[in-house]
Each structure stands twice: as structure tokens, then as C-alpha cells.
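**Student:** Quick one: structure below, then a few questions.
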Amino acid sequence: MPIHNTSFLDACRGQRPARTPVWLMRQAGRYLPEYRAIRKKVSFLELCRTPELAAEVTVQPVDRLGVDAAILFSDILVVFDAMGVAVEFNPGPQLPSPVRTNADIEALRWGDPGEDVGYVMNAVRACKSALADRVPLIGFCGAPFTTVSYLIEGGGSRDFLEVKKLMFCEPVMFGQLMANMSELLARYLIGQIDAGVDAVQIFDSWAGAVGPRDYETHVLPHTIALVEAVRAHTPAGRDPVPVILFARGNANTLALTARAPADVIGIDWSIELDAAIEVVGHDRVVQGNLDPGVLLGPPELIQSRVRATLADARAAKAHVFNLGHGISRFTDPEHAKLMVDTVHAGLSEGA
Ligand SMILES: Cc1c2[nH]c(c1CCC(=O)O)Cc1[nH]c(c(CCC(=O)O)c1C)Cc1[nH]c(c(CCC(=O)O)c1C)Cc1[nH]c(c(C)c1CCC(=O)O)C2
């Protein structure tokens, strides 16, 4: 069955649909009372591992907000199930045994995501059936550097000293680890595509932890390899799926990120969208980039900032409206709805 609302996929492919499509990073989550109600009954990991429940929370923001795409409910770190690495969420991710020594790295397993993380593939099928082709479904993974950072640091980090130590002291081993991760993540995303997702997003949340020189040498080549491997895959009987690359960093690394052959470049909120378009080029499709903090402000401010972002986006080839990072758990869902409605209302002629 064809998808009813194609505005998101049309924009990803460089067209300008009648209404700018919009979705929110982390749109399914704790700011929604209906999500909290389910989380009272099951842990976060149980939720990820139970396809029917994952599908239910995936659809929640589509019902409440009227967004133009759904994103699979899961986490970038469940892929560790294909590596035999344990991760806990309380609520931030924590690894009981971070990977630190050469022996730890050599002992890693590079398994089969289709099998070892089969519950994600089943969740994709459950989401597709629950959505009934109302809007497209986005699959996702972490970028190699962000995923490797969690593996080495064992959780979130302020200064990323463990991963930098490995990168600078053992560059060959670090490079091999990144290459293996890139290859595993490609198979993971291709598995999601074959299970039915309509687009994929790669989250490089920690790209900004390294300076531009190290990003270019040690990080970006592996991100590019991942983007290329996924774009080379055409699912049987369907069009190739668009790839969105979201690297959270700063304006210095954006020019480098834009070298990746992703269909859509995600822009974080640290740069104005018109300036970002100058950097990535007017021939690219951009996604972003309202500061999630703006949704904690008053309604008039939300409306005016949404319109300013829409006006900035006119310089791009096409635009997918989004936040410049994940929505805060302290957001009033009514404010998120106002954002979506204001995007859909668009700019009046000449505004
Ligand atoms: C870095 C990262 C992670 N996970 C993710 C990223 C990349 C995006 C980013 O930069 O924010 C990606 C992610 N995590 C989650 C989704 C679901 C889909 C969506 O609605 O966007 C997605 C796309 C659910 C989640 N992942 C997590 C939650 C909260 C868990 C809960 O319900 O208790 C959710 C809804 C747990 C998690 N998982 C992670 C963190 C840092 C946390 C703690 C977050 C917090 O405390 O707000 C790792």
C-alpha cells in the first residue's frame, strides 16, 4: 500500500511539498503522559524489546501532534546486543563493563543484527502495521563514533578522555574498531530497511567531542562508509530509502559533515539555519533546527521562532522541519503541538 502522507519523503528527495513536513527528534518519550503511563508498567528495555508496545508508543506522537513521520521507538545502544555487551538504562545508558583494554576490544563479538537484535526488526513490522501507511516510518542507529564512545566511556561523558586516549595512543586499533562498528551498523540499518522502514537517520550525537582535524581524520571516514553502504542498498521492489545524517557539533564541523553523501543533512541548534545552508550548500536538503529550549517558552515566541526558521529554510533545496536536538522531557505537549501546527500553517505570501 502506498503511504498517504508523502510530504516527508518528498522533501528528503529534494522536492518542496505544499506543506513543510515536520517531526521531532525524541518525539516519543517522557514529555507525553501516555508514554509515562506505559513506562509505569514496563522498563525502558522491556518497552524496546516488546514489538507491540514499541509500536504503540511510536504511534503516540503521530496521533497527538499530527507529525508527518514516525520514528521507531528504540535506542541507539540496543545494537550492543549483537556484540555481547550489556547496557542498562537508569534512565541514561550505563555499561556495567566498559570496553577499555586491547583484550576487551579483541573479545568483542560482531554478530548478526538481524538475529541478535531481531526484536528491533519485529518492532519495525509492528510499527508499519500500527501506522497503516498514514505516515512513513524512520529507522535509526548511532554513528560509529557516538556508538564507540558509549562502548569505551561506559556511559555519557563530559570530556571523552577514554575514547580520545584510545584514538591517540592506539590509532590503528581505534581505526579497526570504528571500521568494524561502521560495518555492523550498516548491516543493522539494512536489516531495518528490509523489515520495512521508509527512511533512516544516523545520530552522531557526540561528533562535537573532537576538534575538526580529528573529526576529519578519525571520525568522518567511518560515517561516510556507513552512509555509502546504506545508500547502496535497494530494498526488493521499493525505492532506495533516504538517509539523514545528524551530527551534533558546531559550525566548524558542519562543512566536513556535509561531505557525506547523505540525502538530508541534520542541523543542530547552535547555528542559525540560513548560515548552516550557506555552509552545506543551497543544493542540499536540510533538517532542523529549532532549539528544543524554545518549546519551554511562551506560545508567541514558539510561533515567531518557527516562522523565522521556515523563512531561513527558503535558501535550501528542501527542508524537513525538526528541532535542533531531542525534545526535552519538561516540554508541555501543547507547545509541541503548537510548533507542528505553526509549521503546517507556513508563511503567508511575502512574509
Ligand atoms: C545519545 C542517544 C541515546 N539514544 C538516542 C541518542 C541519539 C539522540 C540524542 O542525541 O539524543 C536515540 C534515541 N533514544 C530514543 C529514541 C526513540 C525514538 C524517538 O522518539 O526519537 C531515539 C531516536 C528513546 C529513549 N532513550 C532513552 C529514553 C528515556 C528512557 C525512559 O523512558 O526512562 C528514551 C525515551 C534513554 C537514553 N538513551 C540515550 C540517552 C542519553 C538516554 C537518556 C535520555 C534521557 O534521560 O533523557 C542514548
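Naming scheme: A, B, ... for chains in displayed order of the C-alpha cells; residues 1 onward per chain; ligands 1 onward as shown.
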Please list as a list in words every residue within 10 Å of A:Pro98, counting only C-alpha atoms and excluding residues in the same chain fewer than 2 positions away.

**Tutor:**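 Here the answer would be Val85, Ala86, Val87, Gln94, Leu95, Pro96, Arg100, Thr101, Asp104, Tyr150, Leu151, Ile152, Glu153, Gly154 and Gly155 of chain A.
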
**Student:** Keeping N, CA and C atoms, export the residues of the selection given above as a PDB file, in the first residue's frame.

**Tutor:**
```pdb
ATOM      1  N   VAL A  85      27.573  -7.118  24.537  1.00  0.00           N
ATOM      2  CA  VAL A  85      27.924  -6.083  25.519  1.00  0.00           C
ATOM      3  C   VAL A  85      26.646  -5.653  26.242  1.00  0.00           C
ATOM      4  N   ALA A  86      26.653  -5.712  27.572  1.00  0.00           N
ATOM      5  CA  ALA A  86      25.456  -5.373  28.345  1.00  0.00           C
ATOM      6  C   ALA A  86      25.334  -3.857  28.504  1.00  0.00           C
ATOM      7  N   VAL A  87      24.092  -3.357  28.485  1.00  0.00           N
ATOM      8  CA  VAL A  87      23.831  -1.935  28.750  1.00  0.00           C
ATOM      9  C   VAL A  87      22.569  -1.822  29.598  1.00  0.00           C
ATOM     10  N   GLN A  94      24.149   3.039  30.846  1.00  0.00           N
ATOM     11  CA  GLN A  94      25.339   2.687  31.605  1.00  0.00           C
ATOM     12  C   GLN A  94      25.780   1.280  31.251  1.00  0.00           C
ATOM     13  N   LEU A  95      27.091   1.110  30.989  1.00  0.00           N
ATOM     14  CA  LEU A  95      27.623  -0.220  30.707  1.00  0.00           C
ATOM     15  C   LEU A  95      28.282  -0.753  31.964  1.00  0.00           C
ATOM     16  N   PRO A  96      27.809  -1.893  32.484  1.00  0.00           N
ATOM     17  CA  PRO A  96      28.446  -2.466  33.671  1.00  0.00           C
ATOM     18  C   PRO A  96      29.934  -2.740  33.426  1.00  0.00           C
ATOM     19  N   ARG A 100      37.724  -1.344  27.569  1.00  0.00           N
ATOM     20  CA  ARG A 100      38.864  -0.437  27.786  1.00  0.00           C
ATOM     21  C   ARG A 100      40.188  -0.973  27.251  1.00  0.00           C
ATOM     22  N   THR A 101      40.465  -2.256  27.489  1.00  0.00           N
ATOM     23  CA  THR A 101      41.799  -2.772  27.158  1.00  0.00           C
ATOM     24  C   THR A 101      41.803  -3.389  25.757  1.00  0.00           C
ATOM     25  N   ASP A 104      39.863  -6.458  25.827  1.00  0.00           N
ATOM     26  CA  ASP A 104      38.408  -6.204  25.757  1.00  0.00           C
ATOM     27  C   ASP A 104      37.976  -6.039  24.297  1.00  0.00           C
ATOM     28  N   TYR A 150      30.188   5.411  23.559  1.00  0.00           N
ATOM     29  CA  TYR A 150      29.457   4.780  24.672  1.00  0.00           C
ATOM     30  C   TYR A 150      30.126   3.474  25.083  1.00  0.00           C
ATOM     31  N   LEU A 151      30.631   2.740  24.108  1.00  0.00           N
ATOM     32  CA  LEU A 151      31.279   1.449  24.371  1.00  0.00           C
ATOM     33  C   LEU A 151      32.509   1.646  25.259  1.00  0.00           C
ATOM     34  N   ILE A 152      33.296   2.668  24.953  1.00  0.00           N
ATOM     35  CA  ILE A 152      34.574   2.887  25.659  1.00  0.00           C
ATOM     36  C   ILE A 152      34.356   3.650  26.969  1.00  0.00           C
ATOM     37  N   GLU A 153      33.520   4.696  26.897  1.00  0.00           N
ATOM     38  CA  GLU A 153      33.316   5.528  28.096  1.00  0.00           C
ATOM     39  C   GLU A 153      32.421   4.809  29.112  1.00  0.00           C
ATOM     40  N   GLY A 154      31.557   3.938  28.630  1.00  0.00           N
ATOM     41  CA  GLY A 154      30.654   3.207  29.519  1.00  0.00           C
ATOM     42  C   GLY A 154      29.417   4.002  29.898  1.00  0.00           C
ATOM     43  N   GLY A 155      29.200   5.127  29.242  1.00  0.00           N
ATOM     44  CA  GLY A 155      28.026   5.951  29.518  1.00  0.00           C
ATOM     45  C   GLY A 155      28.247   7.322  28.913  1.00  0.00           C
TER      46      GLY A 155
END
```

**Student:** Could you name the residues that touch stretch 67-71 of chain A at 6 Å or less, counting only C-alpha atoms, but leaving out those on the same chain fewer than 5 positions away, as a short mmCIF file (atom, residue, chain, number, x, y, z; two decimals) with N, CA and C atoms, in the first residue's frame?

**Tutor:**
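So the final result, stored in selection-v9.cif, reads:
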```cif
data_model
loop_
_atom_site.label_atom_id
_atom_site.label_comp_id
_atom_site.auth_asym_id
_atom_site.auth_seq_id
_atom_site.Cartn_x
_atom_site.Cartn_y
_atom_site.Cartn_z
N PRO A 21 7.13 19.40 5.80
CA PRO A 21 6.95 18.29 6.73
C PRO A 21 7.68 18.54 8.04
N VAL A 22 7.16 17.95 9.10
CA VAL A 22 7.76 18.17 10.42
C VAL A 22 7.64 16.90 11.27
N TRP A 23 8.73 16.58 11.98
CA TRP A 23 8.72 15.58 13.06
C TRP A 23 9.70 16.09 14.10
N VAL A 62 2.25 10.62 16.65
CA VAL A 62 1.57 10.80 15.37
C VAL A 62 0.11 11.16 15.65
N VAL A 135 1.72 7.66 7.78
CA VAL A 135 2.95 8.44 7.57
C VAL A 135 4.11 7.45 7.45
N PRO A 136 5.24 7.89 6.88
CA PRO A 136 6.41 7.00 6.78
C PRO A 136 7.02 6.72 8.15
N LEU A 137 7.78 5.62 8.23
CA LEU A 137 8.48 5.23 9.45
C LEU A 137 9.98 5.41 9.26
N ILE A 138 10.61 6.10 10.22
CA ILE A 138 12.06 6.32 10.19
C ILE A 138 12.73 5.28 11.10
#
```

**Student:** Taking only C-alpha atoms and all ligand atoms into account, which residues have an atom no farther than 6 Å from ligand 1? I'd like them as JSON, numbers by chain.

**Tutor:** {"A": [25, 26, 27, 28, 29, 30, 44, 71, 72, 73, 74, 75, 76, 91, 92, 93, 203, 205, 326]}

**Student:** Just checking: using only C-alpha atoms, which residue out of A:Gly208, A:Gly66, A:Gly324, A:Pro113 ends up closest to A:Asn289?

**Tutor:**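 Counting only C-alpha atoms, the residue closest to A:Asn289 is A:Gly324.
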
**Student:** Between A:Phe321, A:Phe168, A:Phe330, A:Phe145, single out the one closest to A:Ala247, counting only C-alpha atoms.

**Tutor:**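 Closest to A:Ala247, using only C-alpha atoms: A:Phe145.
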
**Student:** According to DSSP computed on the backbone, where in stretch 35-167 of chain A is there strand (DSSP E or B)? Give the residues as an mmCIF file with N, CA and C atoms, in the first residue's frame.

**Tutor:**
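Output contents, as saved in selection.cif:
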```
data_model
loop_
_atom_site.group_PDB
_atom_site.id
_atom_site.type_symbol
_atom_site.label_atom_id
_atom_site.label_comp_id
_atom_site.auth_asym_id
_atom_site.auth_seq_id
_atom_site.Cartn_x
_atom_site.Cartn_y
_atom_site.Cartn_z
ATOM 1 N N ALA A 70 6.878 9.064 11.577
ATOM 2 C CA ALA A 70 7.047 8.386 12.866
ATOM 3 C C ALA A 70 8.490 7.927 12.941
ATOM 4 N N ILE A 71 9.059 7.878 14.148
ATOM 5 C CA ILE A 71 10.382 7.277 14.316
ATOM 6 C C ILE A 71 10.245 6.080 15.231
ATOM 7 N N GLU A 88 22.617 -0.909 30.574
ATOM 8 C CA GLU A 88 21.448 -0.646 31.425
ATOM 9 C C GLU A 88 21.018 0.803 31.226
ATOM 10 N N PHE A 89 19.753 1.063 31.489
ATOM 11 C CA PHE A 89 19.244 2.435 31.369
ATOM 12 C C PHE A 89 18.632 2.848 32.696
ATOM 13 N N PRO A 93 22.081 5.759 29.715
ATOM 14 C CA PRO A 93 22.707 4.457 29.499
ATOM 15 C C PRO A 93 23.966 4.264 30.341
ATOM 16 N N GLN A 94 24.149 3.039 30.846
ATOM 17 C CA GLN A 94 25.339 2.687 31.605
ATOM 18 C C GLN A 94 25.780 1.280 31.251
ATOM 19 N N LEU A 137 7.779 5.623 8.226
ATOM 20 C CA LEU A 137 8.475 5.228 9.450
ATOM 21 C C LEU A 137 9.984 5.406 9.261
ATOM 22 N N ILE A 138 10.608 6.098 10.216
ATOM 23 C CA ILE A 138 12.062 6.316 10.188
ATOM 24 C C ILE A 138 12.732 5.283 11.096
ATOM 25 N N GLY A 139 13.737 4.590 10.569
ATOM 26 C CA GLY A 139 14.595 3.737 11.396
ATOM 27 C C GLY A 139 15.849 4.520 11.747
ATOM 28 N N PHE A 140 16.670 4.007 12.635
ATOM 29 C CA PHE A 140 17.863 4.780 13.006
ATOM 30 C C PHE A 140 18.938 3.922 13.644
ATOM 31 N N CYS A 141 20.123 4.533 13.730
ATOM 32 C CA CYS A 141 21.219 3.963 14.524
ATOM 33 C C CYS A 141 22.103 5.122 14.967
ATOM 34 N N GLY A 142 23.032 4.844 15.870
ATOM 35 C CA GLY A 142 24.051 5.824 16.208
ATOM 36 C C GLY A 142 25.133 5.779 15.149
ATOM 37 N N GLY A 155 29.200 5.127 29.242
ATOM 38 C CA GLY A 155 28.026 5.951 29.518
ATOM 39 C C GLY A 155 28.247 7.322 28.913
#
```

**Student:** From the options A:Ala255, A:Leu47, A:Ala54, A:Val148, which residue's atoms come nearest to A:Phe174, counting only C-alpha atoms?

**Tutor:** A:Val148

**Student:** Applying 10 Å and only C-alpha atoms, which residues near A:His222 remain after dropping the ones on its own chain fewer than 4 positions away? List them as a compact mmCIF listing (two decimals) with C-alpha atoms, in the first residue's frame.

**Tutor:**
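Ended up saving to part_36.txt:
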```txt
# COMPACT_ATOMS: atom_id res chain seq x y z
CA ALA A 143 27.00 6.85 14.05
CA PRO A 144 30.19 4.80 14.52
CA PHE A 145 31.87 7.43 16.72
CA GLY A 175 40.50 2.72 13.30
CA MET A 178 35.49 2.16 14.04
CA ALA A 179 35.59 0.23 10.73
CA ASN A 180 34.06 -2.86 12.37
CA MET A 181 31.38 -0.70 14.00
CA SER A 182 30.57 1.05 10.73
CA GLU A 183 30.14 -2.32 9.04
CA GLU A 216 38.09 14.65 9.61
CA THR A 217 40.79 12.01 10.20
CA HIS A 218 39.34 9.60 12.75
CA LEU A 226 28.19 3.82 6.71
CA VAL A 227 26.18 6.31 4.62
CA GLU A 228 27.58 4.83 1.39
```

**Student:** Could you tell me which of A:Asp10, A:Asp312, A:Asp116, A:Asp133 comes closest to A:Arg49 if we count only C-alpha atoms?

**Tutor:**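 Looking only at the distances to A:Arg49, the closest residue turns out to be A:Asp116.
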
**Student:** Using DSSP on the backbone, list every residue of stretch 222-279 of chain A that comes out as alpha helix (DSSP H), and give them as a ChimeraX atom specification.

**Tutor:** /A:222-231,251-257,273-279

**Student:** Write a file of the just-selected residues containing C-alpha atoms, as a JSON list (two decimals), in the first residue's frame.

**Tutor:**
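Okay, this is what ended up in out-v5.json:
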```
[["chain", "number", "residue", "atom", "x", "y", "z"],
["A", 222, "HIS", "CA", 33.70, 5.80, 9.03],
["A", 223, "THR", "CA", 30.47, 7.82, 8.97],
["A", 224, "ILE", "CA", 30.83, 8.21, 5.20],
["A", 225, "ALA", "CA", 31.43, 4.46, 4.80],
["A", 226, "LEU", "CA", 28.19, 3.82, 6.71],
["A", 227, "VAL", "CA", 26.18, 6.31, 4.62],
["A", 228, "GLU", "CA", 27.58, 4.83, 1.39],
["A", 229, "ALA", "CA", 26.87, 1.22, 2.40],
["A", 230, "VAL", "CA", 23.26, 2.03, 3.32],
["A", 231, "ARG", "CA", 22.64, 4.13, 0.20],
["A", 251, "ALA", "CA", 29.61, 25.18, 12.85],
["A", 252, "ASN", "CA", 33.25, 24.15, 12.31],
["A", 253, "THR", "CA", 32.47, 20.50, 11.71],
["A", 254, "LEU", "CA", 29.31, 21.10, 9.65],
["A", 255, "ALA", "CA", 31.30, 21.77, 6.45],
["A", 256, "LEU", "CA", 33.03, 18.42, 6.94],
["A", 257, "THR", "CA", 29.79, 16.57, 7.77],
["A", 273, "LEU", "CA", 19.58, 27.76, 9.69],
["A", 274, "ASP", "CA", 20.37, 30.31, 6.94],
["A", 275, "ALA", "CA", 24.04, 30.32, 7.97],
["A", 276, "ALA", "CA", 24.04, 26.50, 8.03],
["A", 277, "ILE", "CA", 22.63, 26.42, 4.48],
["A", 278, "GLU", "CA", 25.50, 28.67, 3.35],
["A", 279, "VAL", "CA", 27.90, 26.07, 4.75]]
```

**Student:** Return the single residue from A:Ala209, A:Thr20, A:Lys337, A:Val117 that is closest to A:Ala313, with distances computed using only C-alpha atoms.

**Tutor:**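 Among A:Ala209, A:Thr20, A:Lys337, A:Val117, it is A:Thr20 that comes nearest to A:Ala313.
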
**Student:** Neighbours of A:Ala318 within 8 Å (only C-alpha atoms; same-chain residues fewer than 2 positions away dropped), as a PDB file with N, CA and C atoms, in the first residue's frame?

**Tutor:**
```
ATOM      1  N   ALA A  11      10.241  15.685   0.592  1.00  0.00           N
ATOM      2  CA  ALA A  11      11.261  16.685   0.968  1.00  0.00           C
ATOM      3  C   ALA A  11      12.641  16.033   1.052  1.00  0.00           C
ATOM      4  N   CYS A  12      12.709  14.823   1.627  1.00  0.00           N
ATOM      5  CA  CYS A  12      14.007  14.120   1.703  1.00  0.00           C
ATOM      6  C   CYS A  12      14.605  13.938   0.312  1.00  0.00           C
ATOM      7  N   GLY A  14      14.299  16.004  -2.119  1.00  0.00           N
ATOM      8  CA  GLY A  14      14.635  17.284  -2.746  1.00  0.00           C
ATOM      9  C   GLY A  14      13.467  18.059  -3.309  1.00  0.00           C
ATOM     10  N   GLN A  15      12.238  17.593  -3.030  1.00  0.00           N
ATOM     11  CA  GLN A  15      11.084  18.356  -3.510  1.00  0.00           C
ATOM     12  C   GLN A  15      10.578  19.296  -2.425  1.00  0.00           C
ATOM     13  N   ARG A  16       9.711  20.221  -2.850  1.00  0.00           N
ATOM     14  CA  ARG A  16       9.117  21.185  -1.921  1.00  0.00           C
ATOM     15  C   ARG A  16       7.623  20.908  -1.848  1.00  0.00           C
ATOM     16  N   ARG A 284      21.493  21.292  -1.114  1.00  0.00           N
ATOM     17  CA  ARG A 284      21.266  20.181  -0.185  1.00  0.00           C
ATOM     18  C   ARG A 284      19.908  20.324   0.510  1.00  0.00           C
ATOM     19  N   VAL A 285      19.386  19.180   0.953  1.00  0.00           N
ATOM     20  CA  VAL A 285      18.177  19.159   1.771  1.00  0.00           C
ATOM     21  C   VAL A 285      18.625  19.238   3.232  1.00  0.00           C
ATOM     22  N   VAL A 286      18.010  20.125   4.001  1.00  0.00           N
ATOM     23  CA  VAL A 286      18.387  20.251   5.413  1.00  0.00           C
ATOM     24  C   VAL A 286      17.207  19.892   6.308  1.00  0.00           C
ATOM     25  N   ALA A 313      14.854  28.692   5.936  1.00  0.00           N
ATOM     26  CA  ALA A 313      14.948  27.442   5.162  1.00  0.00           C
ATOM     27  C   ALA A 313      14.666  27.654   3.682  1.00  0.00           C
ATOM     28  N   ARG A 314      14.136  28.837   3.329  1.00  0.00           N
ATOM     29  CA  ARG A 314      13.823  29.043   1.912  1.00  0.00           C
ATOM     30  C   ARG A 314      15.074  29.002   1.033  1.00  0.00           C
ATOM     31  N   ALA A 316      17.347  26.768   1.144  1.00  0.00           N
ATOM     32  CA  ALA A 316      17.785  25.378   0.905  1.00  0.00           C
ATOM     33  C   ALA A 316      17.006  24.757  -0.248  1.00  0.00           C
ATOM     34  N   VAL A 320      13.110  19.738   5.906  1.00  0.00           N
ATOM     35  CA  VAL A 320      12.299  18.961   6.844  1.00  0.00           C
ATOM     36  C   VAL A 320      12.400  19.692   8.169  1.00  0.00           C
TER      37      VAL A 320
END
```

**Student:** Applying 8 Å and only C-alpha atoms, which residues near A:Ser328 remain after dropping the ones on its own chain fewer than 6 positions away? List them as a list in words.

**Tutor:**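 These residues fall inside the cut-off: Tyr31, Pro292 and Gly293 of chain A.
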
**Student:** Between A:Arg134, A:Gly346, A:Asp332, A:Ala236, single out the one closest to A:Phe8, counting only C-alpha atoms.

**Tutor:** A:Arg134

**Student:** Within 8 Å of A:Tyr188, counting only C-alpha atoms, which residues show up once you throw out same-chain ones fewer than 2 positions away? Write them as a PyMOL selection string, please.

**Tutor:** chain A and resi 79+113-114+141+184-186+190-192
